[in-house]
file run.tsv (TSV, C-alpha atoms and all ligand atoms)
chain	number	residue	atom	x	y	z
A	1	MET	CA	42.29	31.50	-25.46
A	2	SER	CA	40.89	34.47	-23.53
A	3	ALA	CA	39.15	33.98	-20.21
A	4	SER	CA	35.79	34.80	-21.79
A	5	GLY	CA	36.47	32.31	-24.63
A	6	LEU	CA	37.22	29.58	-22.08
A	7	ALA	CA	34.04	30.44	-20.17
A	8	CYS	CA	32.06	29.98	-23.41
A	9	VAL	CA	33.57	26.54	-24.02
A	10	ILE	CA	32.81	25.47	-20.45
A	11	ALA	CA	29.26	26.85	-20.75
A	12	ALA	CA	28.79	24.94	-24.03
A	13	ILE	CA	29.96	21.67	-22.42
A	14	VAL	CA	27.65	22.18	-19.43
A	15	LEU	CA	24.77	22.91	-21.81
A	16	LEU	CA	25.48	19.78	-23.82
A	17	VAL	CA	25.65	17.59	-20.71
A	18	THR	CA	22.44	19.13	-19.40
A	19	ASP	CA	20.69	18.52	-22.70
A	20	VAL	CA	21.82	14.91	-22.77
A	21	ALA	CA	20.53	14.41	-19.22
A	22	HIS	CA	17.17	15.88	-20.19
A	23	LEU	CA	16.93	13.71	-23.27
A	24	SER	CA	17.71	10.51	-21.40
A	25	LEU	CA	15.12	11.30	-18.74
A	26	ARG	CA	12.49	12.02	-21.38
A	27	ALA	CA	13.34	8.93	-23.38
A	28	ALA	CA	13.23	6.73	-20.29
A	29	ALA	CA	9.98	8.17	-19.07
A	30	GLY	CA	8.05	8.19	-22.31
A	31	ASP	CA	6.37	11.53	-22.92
A	32	ALA	CA	7.12	12.83	-19.46
A	33	ARG	CA	6.07	16.34	-20.47
A	34	LEU	CA	2.45	15.20	-20.54
A	35	MET	CA	2.28	13.05	-17.41
A	36	ALA	CA	4.63	12.20	-14.55
A	37	THR	CA	6.01	8.66	-14.43
A	38	LEU	CA	6.36	6.67	-11.22
A	39	TYR	CA	8.78	3.76	-11.00
A	40	HIS	CA	7.20	1.16	-8.79
A	41	VAL	CA	7.63	-2.27	-7.21
A	42	PRO	CA	4.71	-3.75	-5.24
A	43	THR	CA	5.13	-3.44	-1.43
A	44	SER	CA	8.07	-1.03	-1.84
A	45	ARG	CA	7.90	2.61	-0.73
A	46	SER	CA	6.25	3.47	-4.06
A	47	LEU	CA	3.13	2.22	-2.21
A	48	ARG	CA	3.17	5.52	-0.29
A	49	VAL	CA	3.04	7.44	-3.56
A	50	LEU	CA	0.22	5.33	-5.04
A	51	TRP	CA	-1.71	5.64	-1.78
A	52	THR	CA	-1.31	9.44	-1.87
A	53	LEU	CA	-2.53	9.53	-5.46
A	54	GLU	CA	-5.54	7.37	-4.59
A	55	GLU	CA	-6.44	9.61	-1.65
A	56	ILE	CA	-6.24	12.66	-3.94
A	57	GLY	CA	-7.92	11.02	-6.92
A	58	ALA	CA	-4.96	11.80	-9.20
A	59	THR	CA	-3.00	9.60	-11.59
A	60	VAL	CA	0.50	9.22	-12.96
A	61	GLU	CA	1.95	6.76	-15.43
A	62	VAL	CA	3.15	3.76	-13.40
A	63	LYS	CA	6.12	1.74	-14.61
A	64	SER	CA	6.29	-1.43	-12.58
A	65	LEU	CA	9.71	-3.03	-12.33
A	66	GLY	CA	8.09	-6.35	-11.47
A	67	VAL	CA	8.19	-8.67	-8.51
A	68	ARG	CA	11.93	-9.22	-8.88
A	69	PRO	CA	13.05	-5.59	-9.01
A	70	ARG	CA	15.37	-4.57	-11.80
A	71	LEU	CA	16.99	-1.83	-9.74
A	72	GLN	CA	20.59	-2.58	-10.74
A	73	GLU	CA	19.97	-2.69	-14.48
A	74	PRO	CA	21.44	0.12	-16.60
A	75	GLU	CA	18.00	1.32	-17.77
A	76	TYR	CA	16.91	1.93	-14.21
A	77	LEU	CA	20.27	3.34	-13.07
A	78	ALA	CA	19.89	5.91	-15.89
A	79	ILE	CA	16.70	7.02	-14.12
A	80	ASN	CA	18.03	6.81	-10.55
A	81	PRO	CA	21.80	6.25	-10.19
A	82	ALA	CA	21.26	5.31	-6.52
A	83	GLY	CA	19.25	2.26	-7.64
A	84	THR	CA	16.49	2.90	-5.11
A	85	LEU	CA	12.73	3.11	-5.38
A	86	PRO	CA	10.54	5.00	-5.84
A	87	ALA	CA	11.49	7.53	-8.50
A	88	LEU	CA	9.18	10.10	-10.06
A	89	ILE	CA	10.01	11.76	-13.36
A	90	ASP	CA	7.94	14.81	-14.17
A	91	GLY	CA	9.21	16.50	-17.30
A	92	ASP	CA	12.77	17.53	-16.55
A	93	ARG	CA	12.34	16.98	-12.82
A	94	ALA	CA	13.34	13.76	-11.03
A	95	ILE	CA	12.47	13.09	-7.37
A	96	TYR	CA	13.81	10.06	-5.50
A	97	GLU	CA	12.53	10.22	-1.90
A	98	SER	CA	9.10	8.65	-1.38
A	99	LEU	CA	7.86	11.36	0.99
A	100	ALA	CA	9.22	14.17	-1.19
A	101	ILE	CA	7.29	12.65	-4.10
A	102	CYS	CA	4.11	12.44	-1.99
A	103	GLU	CA	4.53	16.06	-0.89
A	104	TYR	CA	5.22	17.21	-4.46
A	105	LEU	CA	2.12	15.53	-5.86
A	106	ALA	CA	-0.15	16.56	-2.98
A	107	ALA	CA	1.03	20.19	-3.27
A	108	ARG	CA	0.48	20.21	-7.02
A	109	HIS	CA	-3.08	19.07	-6.49
A	110	GLY	CA	-3.74	21.52	-3.64
A	111	SER	CA	-4.55	18.58	-1.36
A	112	ASP	CA	-5.24	18.94	2.36
A	113	LEU	CA	-3.11	15.84	2.91
A	114	ILE	CA	-0.49	18.53	3.55
A	115	VAL	CA	-0.71	20.51	6.78
A	116	ALA	CA	0.05	24.03	5.59
A	117	PRO	CA	2.78	26.19	7.18
A	118	ASP	CA	0.13	28.47	8.72
A	119	GLU	CA	-1.78	25.64	10.43
A	120	PRO	CA	-1.08	25.24	14.17
A	121	GLU	CA	0.03	21.60	13.93
A	122	ARG	CA	2.50	22.10	11.10
A	123	PRO	CA	5.56	21.25	13.29
A	124	GLU	CA	3.88	18.03	14.47
A	125	PHE	CA	3.02	17.23	10.84
A	126	VAL	CA	6.67	17.46	9.79
A	127	GLN	CA	7.76	15.48	12.86
A	128	TRP	CA	5.38	12.53	12.12
A	129	LEU	CA	6.08	12.71	8.40
A	130	LEU	CA	9.78	12.12	9.12
A	131	TYR	CA	9.14	9.66	11.96
A	132	GLY	CA	7.47	7.27	9.48
A	133	GLU	CA	10.65	6.92	7.41
A	134	ALA	CA	13.59	7.86	9.62
A	135	THR	CA	12.42	6.39	12.92
A	136	LEU	CA	9.88	3.62	12.29
A	137	GLN	CA	10.94	2.28	8.90
A	138	ALA	CA	14.69	2.39	9.67
A	139	PRO	CA	14.85	-0.73	11.92
A	140	LEU	CA	12.49	-2.55	9.54
A	141	SER	CA	14.83	-1.76	6.64
A	142	ALA	CA	17.83	-2.98	8.64
A	143	THR	CA	15.93	-6.21	9.30
A	144	ALA	CA	15.05	-6.68	5.62
A	145	ARG	CA	18.63	-5.93	4.57
A	146	VAL	CA	20.34	-8.51	6.81
A	147	ARG	CA	17.68	-11.13	6.03
A	148	ARG	CA	18.76	-10.89	2.39
A	149	ILE	CA	22.29	-12.10	3.22
A	150	ARG	CA	22.81	-15.66	2.01
A	151	ASN	CA	25.50	-18.34	2.51
A	152	THR	CA	26.46	-17.18	5.96
A	153	THR	CA	29.11	-18.67	8.22
A	154	PRO	CA	28.15	-19.28	11.89
A	155	GLU	CA	30.07	-16.12	12.85
A	156	MET	CA	28.20	-14.06	10.26
A	157	GLN	CA	24.91	-15.56	11.38
A	158	ALA	CA	25.67	-14.50	14.95
A	159	GLY	CA	26.24	-10.94	13.70
A	160	ILE	CA	22.99	-11.04	11.71
A	161	ASP	CA	21.06	-12.30	14.72
A	162	ALA	CA	22.51	-9.46	16.80
A	163	VAL	CA	21.34	-6.89	14.21
A	164	LEU	CA	17.87	-8.50	14.09
A	165	SER	CA	17.55	-8.47	17.84
A	166	ASP	CA	18.76	-4.86	18.06
A	167	ALA	CA	16.31	-3.77	15.33
A	168	ARG	CA	13.43	-5.47	17.12
A	169	HIS	CA	14.37	-3.79	20.39
A	170	SER	CA	14.54	-0.38	18.64
A	171	LEU	CA	11.10	-0.95	17.14
A	172	SER	CA	9.64	-1.91	20.50
A	173	MET	CA	10.89	1.42	21.91
A	174	ARG	CA	9.96	3.54	18.89
A	175	VAL	CA	6.33	2.41	18.66
A	176	LYS	CA	5.77	3.76	22.19
A	177	LEU	CA	5.69	7.30	20.82
A	178	LEU	CA	3.00	6.28	18.38
A	179	GLU	CA	0.88	4.62	21.05
A	180	GLN	CA	1.12	7.78	23.14
A	181	ARG	CA	0.27	10.09	20.26
A	182	LEU	CA	-2.83	8.13	19.29
A	183	GLU	CA	-4.54	8.66	22.63
A	184	GLY	CA	-7.83	10.38	21.73
A	185	ARG	CA	-6.84	10.72	18.07
A	186	ASP	CA	-7.92	8.90	14.90
A	187	PHE	CA	-5.17	10.54	12.85
A	188	LEU	CA	-1.71	11.73	13.82
A	189	VAL	CA	-2.15	15.46	13.21
A	190	ALA	CA	-4.66	18.19	12.43
A	191	GLY	CA	-7.67	15.94	13.07
A	192	ARG	CA	-7.64	14.60	9.51
A	193	MET	CA	-5.90	12.15	7.21
A	194	THR	CA	-2.56	13.63	6.11
A	195	LEU	CA	0.71	12.55	4.54
A	196	ALA	CA	1.97	11.88	8.07
A	197	ASP	CA	-0.49	8.96	8.28
A	198	ILE	CA	0.63	7.70	4.87
A	199	SER	CA	4.24	7.95	5.94
A	200	VAL	CA	3.66	5.98	9.16
A	201	GLY	CA	1.13	3.65	7.49
A	202	TYR	CA	3.86	2.24	5.26
A	203	PRO	CA	6.04	0.76	8.07
A	204	LEU	CA	2.88	-0.27	9.93
A	205	ASN	CA	1.85	-2.26	6.86
A	206	ASN	CA	5.28	-3.89	6.93
A	207	MET	CA	4.71	-4.89	10.56
A	208	GLY	CA	1.99	-7.40	9.68
A	209	LYS	CA	3.79	-10.56	10.75
A	210	PRO	CA	3.07	-11.59	14.38
A	211	ASP	CA	6.72	-11.07	15.34
A	212	PHE	CA	6.37	-7.31	14.75
A	213	ALA	CA	2.61	-6.86	15.10
A	214	SER	CA	2.89	-8.02	18.71
A	215	LEU	CA	5.06	-4.95	19.44
A	216	LEU	CA	2.15	-2.59	18.70
A	217	GLY	CA	-0.07	-1.40	21.52
A	218	PRO	CA	-3.88	-1.45	21.24
A	219	ARG	CA	-4.19	2.08	19.83
A	220	ALA	CA	-1.48	1.55	17.20
A	221	THR	CA	-3.02	-1.82	16.28
A	222	ALA	CA	-6.46	-0.25	15.75
A	223	TYR	CA	-4.91	2.69	13.87
A	224	ARG	CA	-3.05	0.28	11.60
A	225	GLU	CA	-6.26	-1.60	10.84
A	226	ARG	CA	-8.13	1.64	10.11
A	227	LEU	CA	-5.44	2.87	7.72
A	228	LEU	CA	-5.12	-0.41	5.84
A	229	ALA	CA	-8.91	-0.67	5.49
A	230	ARG	CA	-9.09	2.64	3.63
A	231	PRO	CA	-10.28	2.12	0.05
A	232	ALA	CA	-7.44	4.32	-1.22
A	233	PHE	CA	-4.86	2.08	0.50
A	234	GLN	CA	-6.56	-1.06	-0.80
A	235	ARG	CA	-6.53	0.22	-4.38
A	236	ALA	CA	-2.88	1.30	-4.10
A	237	ALA	CA	-1.80	-2.05	-2.63
A	238	ALA	CA	-3.51	-3.88	-5.51
A	239	VAL	CA	-1.37	-2.16	-8.18
A	240	PRO	CA	0.87	-4.89	-9.63
B	301	LIG	N1	14.33	7.08	1.99
B	301	LIG	C1	14.10	6.49	0.70
B	301	LIG	C2	14.46	5.01	0.79
B	301	LIG	C3	14.43	4.35	-0.57
B	301	LIG	C4	14.67	2.85	-0.47
B	301	LIG	O1	15.58	2.37	0.24
B	301	LIG	N2	13.86	2.08	-1.19
B	301	LIG	C5	14.01	0.63	-1.20
B	301	LIG	C6	12.72	-0.02	-1.70
B	301	LIG	S1	11.38	0.22	-0.61
B	301	LIG	C7	15.10	0.26	-2.16
B	301	LIG	O2	15.20	0.86	-3.20
B	301	LIG	N3	15.92	-0.74	-1.82
B	301	LIG	C8	16.91	-1.24	-2.71
B	301	LIG	C9	18.28	-1.03	-2.20
B	301	LIG	O3	18.45	-0.34	-1.19
B	301	LIG	O4	19.19	-1.52	-2.84
B	301	LIG	C10	12.64	6.73	0.31
B	301	LIG	O5	11.80	6.94	1.20
B	301	LIG	O6	12.32	6.72	-0.90
call {"tool": "encode", "arguments": {"input": "run.tsv", "output": "structure tokens"}}
result
Amino acid sequence: MSASGLACVIAAIVLLVTDVAHLSLRAAAGDARLMATLYHVPTSRSLRVLWTLEEIGATVEVKSLGVRPRLQEPEYLAINPAGTLPALIDGDRAIYESLAICEYLAARHGSDLIVAPDEPERPEFVQWLLYGEATLQAPLSATARVRRIRNTTPEMQAGIDAVLSDARHSLSMRVKLLEQRLEGRDFLVAGRMTLADISVGYPLNNMGKPDFASLLGPRATAYRERLLARPAFQRAAAVP
């Protein structure tokens, strides 16, 4: 077979695989060409996406995977092979990071939840957007992960306790930045509600139990209460 013939065969295989991938996404998402589909579990990071949508006044089709998430089942792994939530399917496009989904939807709706590249506080916007997931949520996720471990030996339990204590210490240090930033501010950046507040609001919501809530300073505590009292947050948190 000539080189160009081989290239055609390879191109045909790639095309076939691509088509199959498209079909499976469409089939899994219903008529995804008409409306994006969000895969959701209450209290998971899909809350950020629902909150964003409520702030904007936009909708997507929500597929709830229930209280006991079905993340490891083949149907869901066909949507997101990583088995994580949330996932957004919009036509042939699939997005798997909660904040990327929020940004995608806010941008599509021209929302000022995004601080635009030409606004002076754009760098601070990106910094707080990432802080919410990479800095504040990270020790909370480590805590949740080790608390899921069952049937431990005393040695394993000692290791788990060490992780829990380390995560709590990290949190106690990390919230200091937030307390500092909130001096004289109702919102984190640009003097208005943005995706940065939604990003940080998610771990703050997770810090409701006294063990964690006691780590927050007075400004962060008041900020947390203000965010969680927003009607858009309340409506998002009520989605089953
Ligand atoms: N950085 C990702 C993290 C996704 C993530 O870990 N989601 C959790 C639910 S809130 C999950 O799927 N956990 C299941 C697991 O890790 O097995 C995002 O923001 O979407």
call {"tool": "closest_residue", "arguments": {"input": "run.tsv", "among": "A:Leu50, A:Leu71, A:Val41, A:Ala138", "to": "A:Arg235", "atoms": "all atoms listed in the file"}}
result
A:Leu50
call {"tool": "residues_near_ligand", "arguments": {"input": "run.tsv", "ligand": "ligand LIG 301 (chain B)", "cutoff": "8 Å", "atoms": "all atoms listed in the file", "output": "list in words"}}
result
Val41, Thr43, Ser44, Arg45, Ser46, Leu71, Gly83, Thr84, Leu85, Pro86, Ala87, Tyr96, Glu97, Ser98, Leu99, Glu133, Ala134 and Ser141 of chain A
call {"tool": "residues_around", "arguments": {"input": "run.tsv", "residues": "A:Leu136", "least_positions_apart": "4", "cutoff": "7 Å", "atoms": "only C-alpha atoms", "output": "ChimeraX atom specification"}}
result
/A:131-132,171,174,203
call {"tool": "write_last_selection", "arguments": {"input": "run.tsv", "atoms": "C-alpha atoms", "output": "PDB file, in the frame of the given file"}}
result
ATOM      1  CA  TYR A 131       9.140   9.660  11.960  1.00  0.00           C
ATOM      2  CA  GLY A 132       7.470   7.270   9.480  1.00  0.00           C
ATOM      3  CA  LEU A 171      11.100  -0.950  17.140  1.00  0.00           C
ATOM      4  CA  ARG A 174       9.960   3.540  18.890  1.00  0.00           C
ATOM      5  CA  PRO A 203       6.040   0.760   8.070  1.00  0.00           C
TER       6      PRO A 203
END
call {"tool": "atom_distance", "arguments": {"input": "run.tsv", "atom1": "atom CA of A:Asp118", "atom2": "atom CA of A:Phe233"}}
result
28.1 Å
call {"tool": "residues_around", "arguments": {"input": "run.tsv", "residues": "A:Asp186", "least_positions_apart": "5", "cutoff": "8 Å", "atoms": "only C-alpha atoms", "output": "list in words"}}
result
Gly191, Arg192 and Tyr223 of chain A
call {"tool": "atom_distance", "arguments": {"input": "run.tsv", "atom1": "atom CA of A:His40", "atom2": "atom CA of A:Ser64"}}
result
4.7 Å
call {"tool": "closest_residue", "arguments": {"input": "run.tsv", "among": "A:Ala196, A:Ile95, A:Leu38, A:Ala142", "to": "A:Asp161", "atoms": "all atoms listed in the file"}}
result
A:Ala142
call {"tool": "residues_around", "arguments": {"input": "run.tsv", "residues": "A:Arg145", "least_positions_apart": "6", "cutoff": "10 Å", "atoms": "only C-alpha atoms", "output": "list in words"}}
result
Pro139, Ile160 and Leu164 of chain A
call {"tool": "atom_distance", "arguments": {"input": "run.tsv", "atom1": "atom CA of A:Leu129", "atom2": "atom CA of A:Ala58"}}
result
20.8 Å
call {"tool": "axis_aligned_box", "arguments": {"input": "run.tsv", "around": "stretch 108-113 of chain A", "padding_each_side": "6 Å", "output": "lines of an AutoDock Vina configuration file"}}
result
center_x = -2.4
center_y = 18.7
center_z = -2.1
size_x = 17.7
size_y = 17.7
size_z = 21.9
call {"tool": "residues_around", "arguments": {"input": "run.tsv", "residues": "stretch 104-114 of chain A", "least_positions_apart": "6", "cutoff": "9 Å", "atoms": "only C-alpha atoms", "output": "PyMOL selection string"}}
result
chain A and resi 49+52-53+55-56+58+95+122+125+192-196
call {"tool": "closest_residue", "arguments": {"input": "run.tsv", "among": "A:Ala100, A:Ala36, A:Leu88, A:Ala238", "to": "A:Leu130", "atoms": "only C-alpha atoms"}}
result
A:Ala100
call {"tool": "residues_near_point", "arguments": {"input": "run.tsv", "point": "(7.6, -12.1, 17.2)", "cutoff": "12 Å", "atoms": "all atoms listed in the file", "output": "compact mmCIF listing (two decimals) with C-alpha atoms, keeping the file's coordinate frame"}}
result
# COMPACT_ATOMS: atom_id res chain seq x y z
CA LEU A 164 17.87 -8.50 14.09
CA SER A 165 17.55 -8.47 17.84
CA ARG A 168 13.43 -5.47 17.12
CA HIS A 169 14.37 -3.79 20.39
CA LEU A 171 11.10 -0.95 17.14
CA SER A 172 9.64 -1.91 20.50
CA MET A 207 4.71 -4.89 10.56
CA GLY A 208 1.99 -7.40 9.68
CA LYS A 209 3.79 -10.56 10.75
CA PRO A 210 3.07 -11.59 14.38
CA ASP A 211 6.72 -11.07 15.34
CA PHE A 212 6.37 -7.31 14.75
CA ALA A 213 2.61 -6.86 15.10
CA SER A 214 2.89 -8.02 18.71
CA LEU A 215 5.06 -4.95 19.44
CA LEU A 216 2.15 -2.59 18.70
call {"tool": "closest_residue", "arguments": {"input": "run.tsv", "among": "A:Thr37, A:Ser199, A:Thr153, A:Gln72", "to": "A:Asp92", "atoms": "only C-alpha atoms"}}
result
A:Thr37
